[in-house]
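Q: Provided herewith is a single structure, encoded as C-alpha cells, for subsequent inquiry.
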Amino acid sequence: MNAAIESNPLIERLPKHLKQFIKPQVYDDYTPINQAVWRYVMRKNVDYLGKVAHESYLDGLRQTGISIENIPNMYGMNRILKEIGWAAVAVDGFIPPNAFMEFQAYNVLVIASDIRQIEHIEYTPAPDIIHEGAGHAPIIANPEYAEYLRRFGEIGCKAISSSRDYEMYEAIRLLSILKEAEDTPQSEINSAEKQVLELQNNMGELSEMSQIRNLHWWTVEYGLIGTVENPKIYGAGLLSSIGESAWCMTDNVKKIPYDISAAEQSFDITKPQPQLYVTPDFAYLSLVLEEFANKMALRTGGLSGVKKLIQSKAMGTIELSTGMQISGHFSNVIEFEGKPIYIQTTGKTALAYREKELVGHGTQYHAEGFGSPIGKLKGINLAIEDMSPRDLSAYAIYEGEKITLEFEGNITVSGEIITGSRNLRGEIILISFKNCTVTHNETILFHPDWGKYDMAVGKKIISAFSGPADVNSFDLITHVPSSETIKSKKTAEKTELEHLYQNIRNLREGKTSELPLETIFEIVSDKHPNDWLLSIEIADLLQKNGNEILLQKVLSHLEKIKKNRPIVAHLISGGLDLILQKETI
C-alpha cells in the first residue's frame, strides 16, 4: 500500500487558504487493528447496502477503486478520482463549514484520514476515513449527484454565518474528538455535550449557514432517495454507519418528503436521527438548492444582506449594481425608506470587480475601512452608472470639477473630482475626490483631513455574501483549531494485540506468519479475552481452510464473549453471519 505520491490537478489549483487545512495521510500510522475495523465495516456495509443503498453506491465503489480489504490510500484514490473530475485531500477532523463547502466547489472531497476506534465501530460523531472514503467518495461517481455536491459547495461557501455558528463548530469538533478518544473521562464528555446542547438551544434565528448546513445534513449526510414507502440510502452518514444504515430503514425513523422546509430542521450530531428526508431523485436536490439560494443574500442583496453581514461580525462582500465589490468587516449601514443609503466597513477593506481586486484598492490602501453612499442622486431619475458621457458632463461629474452630490436620504458628497474608474461596460464604478467632505444630515462621515475619498458607484446592492470577492486580497491563512484529534495510546498490551492482528492479516494475504493460527488464537483468548474482532478474523480464515475443530473452539470463545459483553453480541453475530453466508454459497 506504499503507492507513490501522486497529486491531482484539482488539488494544485486550490487557493492557499484552503491548502492550510490539508494534512498528509501517513499511511503507516494505520495499525493492523485499524485495517481490521475498516474490513469489518466494509464487508458488513457492502453485504447490507447492496439491498438498501442507491444503485450508484456499489457502482461507485468499483469506479473509485475503494477496496473492502484495505483502508484507501489517498494517492491511489486521487489517480482514480481524477478520471471522474474529482480529487480528495486529508484533513484533521472537522474543518469550518465555509471551508468544507468551498472544497466541494472546487470538486475536492475532504477526507478526515483518522479512523474510528473498535469501540465505536458502528458509529462515531467524529468524521473519519470510513465516513468520508466509504460514504462520500463512491456516490460522487454518479454525475448528477456530483454536480449537486459541487454546486452545493459553490453556494454554501457564500452563506453568511452568525457569530454563534463558529462557536457551535468548535463545540461539536471538541465533542467529537473527546467521544472518539480513548479513556476520556465521562465528566469531560458530559461538559462538552452540555456546551453543544446549550448552543443548540440558544442559536436564535438561524443564519444562512445554519440553514444550508441543515440542508447538507439531510441530503449529503443523511439523505434517502426514492419513495417514502420504499426509500434507498445515499447519504454518507448512513452509508458509513452499520448501525444507522439498518436503524434508518425501520419504522422507528419517520420518513418525510424532502423540500426546502428541511433548512429549518436542526440536527443533533451525537444521536441517531429521529426523522429523515426522502428525495424522489438527485435532480430534485438541485431544484431545492436553487430555491434556497434564491432567498440568500447572495441573490437578494439589499438592506437585509448588509445587516446579515454586520450581525455576522465576519468578513463579507457586497456587490453593487455596477459590479463593484466591497470586501471587509461591515460595521454600519444607514438606511432610508427601507433601502441602504450608506455602508461602512471597519479595518482592512478591498475593492474588486468580477472577483479581481482593483489596482491600488487593496487592504494596504484601505487599511482603516471604507464608506460610500449607495443609491440615486436626489431629484435625478438617472443613476450615475446609467449616465452617458454627455450626461456626466451636464451634471459636472467630471475630472477637475468641484461638485456637491446630494443623494436620496440626505447623504452629501462635496469635493473636487480627481478621476474615475469604469467597468468593462463603460459604467463608472468608482469616483475619487480630494478636499472631500461626506455628511449625513449633520453627521460628518468623511473629513478632508483624512485624505483622498473614494466613492463606490451603484444604485443598489445586488448581492451580499460571506468571504472576500478576491481571495488574494486578504491573508486568510489564519485557522488554528481550538482542539486537535487525539491519537490512540500505545501500551504493551495493545502492541501485542496489534502484532497478533498483523499475523492474521499476513496469513489472509498469503504471506508468512511468525505464529501458527492455533497459537494466535490461544494468545488472544487467554490474554485478550475482551477482544472479539480478531476471533472473527480467525474464524473467517478457518472457514476457508476447513479446520473444523479449531473453528468450533473459536465459535465457542465468541459465544462466551457475547455473554460477558452483551454490548458487542450483535457485532459478533453480524460478523459470523458473513462467514456462514460464505459457507452456504
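Just so we're on the same page: first chain in the C-alpha cells is A, next is B, and so on; residues restart at 1 for each chain, and ligands are numbered from 1 in the order they show up.
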Got a sec: who's within 12 Å of Val228 in chain A, counting only C-alpha atoms, leaving out chain neighbours fewer than 4 positions off, as an MDAnalysis selection string?
A: chainID A and resid 223:224 232:233 248:251 253:258 275:280
Q: Please provide the set of residues having any atom within 9 Å of range 411-422 of chain A, restricted to only C-alpha atoms, with same-chain residues fewer than 4 positions apart removed, written as a PyMOL selection string.
A: chain A and resi 341-342+373+397-407+426-441+446+448+453+455
Q: Against range 55-77 of chain A, which residues of range 435-529 of chain A fall within 12 Å? For each one I want the closest pair of atoms and the distance in Å (one decimal), counting only C-alpha atoms, rows by chain and increasing residue number, as a tab-separated table.
A:
residue	atom	partner	partner_atom	distance
A:Arg505	CA	A:Glu69	CA	9.9
A:Arg508	CA	A:Glu69	CA	10.1
A:Glu509	CA	A:Glu69	CA	9.9
Q: Which distance in Å separates CA of Ala246 in chain A and CA of Val110 in chain A, to one decimal?
A: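 About the pair CA of Ala246 in chain A and CA of Val110 in chain A: they are 25.6 Å apart.
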Q: Excluding same-chain residues fewer than 3 positions from Ser210 in chain A, what lies within 10 Å of it counting only C-alpha atoms, as a ChimeraX atom specification?
A: /A:97,159-162,164-165,168,203,205-207,213-216,263-266
Q: Mind dumping the selected residues with N, CA, C and O atoms as a short mmCIF file (atom, residue, chain, number, x, y, z; two decimals), in the first residue's frame?
A:
data_model
loop_
_atom_site.label_atom_id
_atom_site.label_comp_id
_atom_site.auth_asym_id
_atom_site.auth_seq_id
_atom_site.Cartn_x
_atom_site.Cartn_y
_atom_site.Cartn_z
N PRO A 97 -17.27 25.07 8.42
CA PRO A 97 -18.25 24.76 7.36
C PRO A 97 -18.00 25.49 6.04
O PRO A 97 -18.12 24.90 4.97
N ALA A 159 -22.67 31.40 2.04
CA ALA A 159 -23.69 31.62 3.06
C ALA A 159 -23.12 32.42 4.23
O ALA A 159 -21.99 32.18 4.67
N ILE A 160 -23.90 33.34 4.72
CA ILE A 160 -23.45 34.21 5.81
C ILE A 160 -23.73 33.54 7.15
O ILE A 160 -24.82 33.06 7.40
N SER A 161 -22.70 33.51 7.99
CA SER A 161 -22.81 32.88 9.31
C SER A 161 -23.25 33.90 10.35
O SER A 161 -23.17 35.10 10.14
N SER A 162 -23.65 33.38 11.50
CA SER A 162 -23.83 34.23 12.67
C SER A 162 -22.61 34.06 13.55
O SER A 162 -21.82 33.14 13.36
N ARG A 164 -22.57 32.94 16.38
CA ARG A 164 -22.74 31.70 17.15
C ARG A 164 -22.33 30.46 16.34
O ARG A 164 -22.04 29.41 16.92
N ASP A 165 -22.36 30.56 15.02
CA ASP A 165 -22.06 29.39 14.19
C ASP A 165 -20.66 28.84 14.44
O ASP A 165 -20.45 27.64 14.50
N MET A 168 -20.46 27.01 17.64
CA MET A 168 -21.05 25.68 17.51
C MET A 168 -20.08 24.72 16.82
O MET A 168 -19.93 23.56 17.23
N MET A 203 -29.40 29.35 19.65
CA MET A 203 -28.82 29.85 18.41
C MET A 203 -29.56 31.08 17.89
O MET A 203 -29.07 31.80 17.02
N GLU A 205 -32.32 33.19 15.73
CA GLU A 205 -32.76 32.98 14.35
C GLU A 205 -31.64 32.32 13.56
O GLU A 205 -30.48 32.74 13.62
N LEU A 206 -31.98 31.27 12.84
CA LEU A 206 -30.96 30.52 12.11
C LEU A 206 -30.33 31.37 11.02
O LEU A 206 -31.02 32.02 10.23
N SER A 207 -29.01 31.38 10.98
CA SER A 207 -28.29 32.09 9.93
C SER A 207 -28.39 31.31 8.62
O SER A 207 -28.84 30.15 8.59
N ARG A 213 -26.42 24.30 6.24
CA ARG A 213 -25.84 23.12 6.89
C ARG A 213 -26.92 22.08 7.18
O ARG A 213 -26.68 20.87 7.08
N ASN A 214 -28.11 22.57 7.53
CA ASN A 214 -29.23 21.64 7.71
C ASN A 214 -29.54 20.92 6.41
O ASN A 214 -29.75 19.69 6.40
N LEU A 215 -29.60 21.66 5.31
CA LEU A 215 -29.86 21.03 4.01
C LEU A 215 -28.78 20.02 3.67
O LEU A 215 -29.05 18.94 3.14
N HIS A 216 -27.55 20.36 3.98
CA HIS A 216 -26.42 19.46 3.72
C HIS A 216 -26.57 18.18 4.55
O HIS A 216 -26.36 17.06 4.05
N ALA A 263 -34.47 23.03 5.68
CA ALA A 263 -33.49 24.05 6.09
C ALA A 263 -33.74 24.53 7.51
O ALA A 263 -32.82 25.01 8.18
N GLU A 264 -34.96 24.39 7.98
CA GLU A 264 -35.31 24.84 9.33
C GLU A 264 -35.20 23.72 10.36
O GLU A 264 -35.36 23.95 11.56
N GLN A 265 -34.93 22.49 9.91
CA GLN A 265 -34.87 21.35 10.82
C GLN A 265 -33.43 21.12 11.27
O GLN A 265 -32.61 20.61 10.54
N SER A 266 -33.14 21.52 12.50
CA SER A 266 -31.79 21.32 13.04
C SER A 266 -31.57 19.85 13.39
O SER A 266 -32.50 19.04 13.37
#
Q: Please, what distance in Å, to one decimal, runs between CA of Lys490 in chain A and CA of Gly510 in chain A?
A: 27.8 Å
Q: Using DSSP secondary structure from the backbone, list all helix (DSSP H, G or I) positions within range 330-529 of chain A, as number ranges by chain.
A: A: 384-386, 389-394, 448-450, 471-473, 492-508, 517-527
Q: When you draw a straight line from CA of Ile111 in chain A to CA of Ser240 in chain A, how long is it in Å?
A: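 It comes out at 13.0 Å.
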Q: Step one, run DSSP on the backbone; step two, keep only residues of range 169-333 of chain A assigned to strand (DSSP E); then write them as a ChimeraX atom specification.
A: /A:224-226,231-233,254-257,275-279,316-320,324-333
Q: Please determine, counting only C-alpha atoms, which residue among A:Leu358, A:Tyr365, A:Asp531, A:Glu548 has the shortest atom-to-atom distance to Asn564 in chain A.
A: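 Counting only C-alpha atoms, the residue closest to Asn564 in chain A is A:Asp531.
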Q: With distances taken over only C-alpha atoms, which of A:Val554, A:Ala396, A:Met42, A:Leu507 is nearest to Glu522 in chain A?
A: A:Val554
Q: When you look at Thr300 in chain A with a cut-off of 7 Å (counting only C-alpha atoms), what residues show up, excluding the ones that are within fewer than 4 positions of it in the same chain? I need them as a list in words.
A: Lys295, Met296, Ile462 and Ser463 of chain A
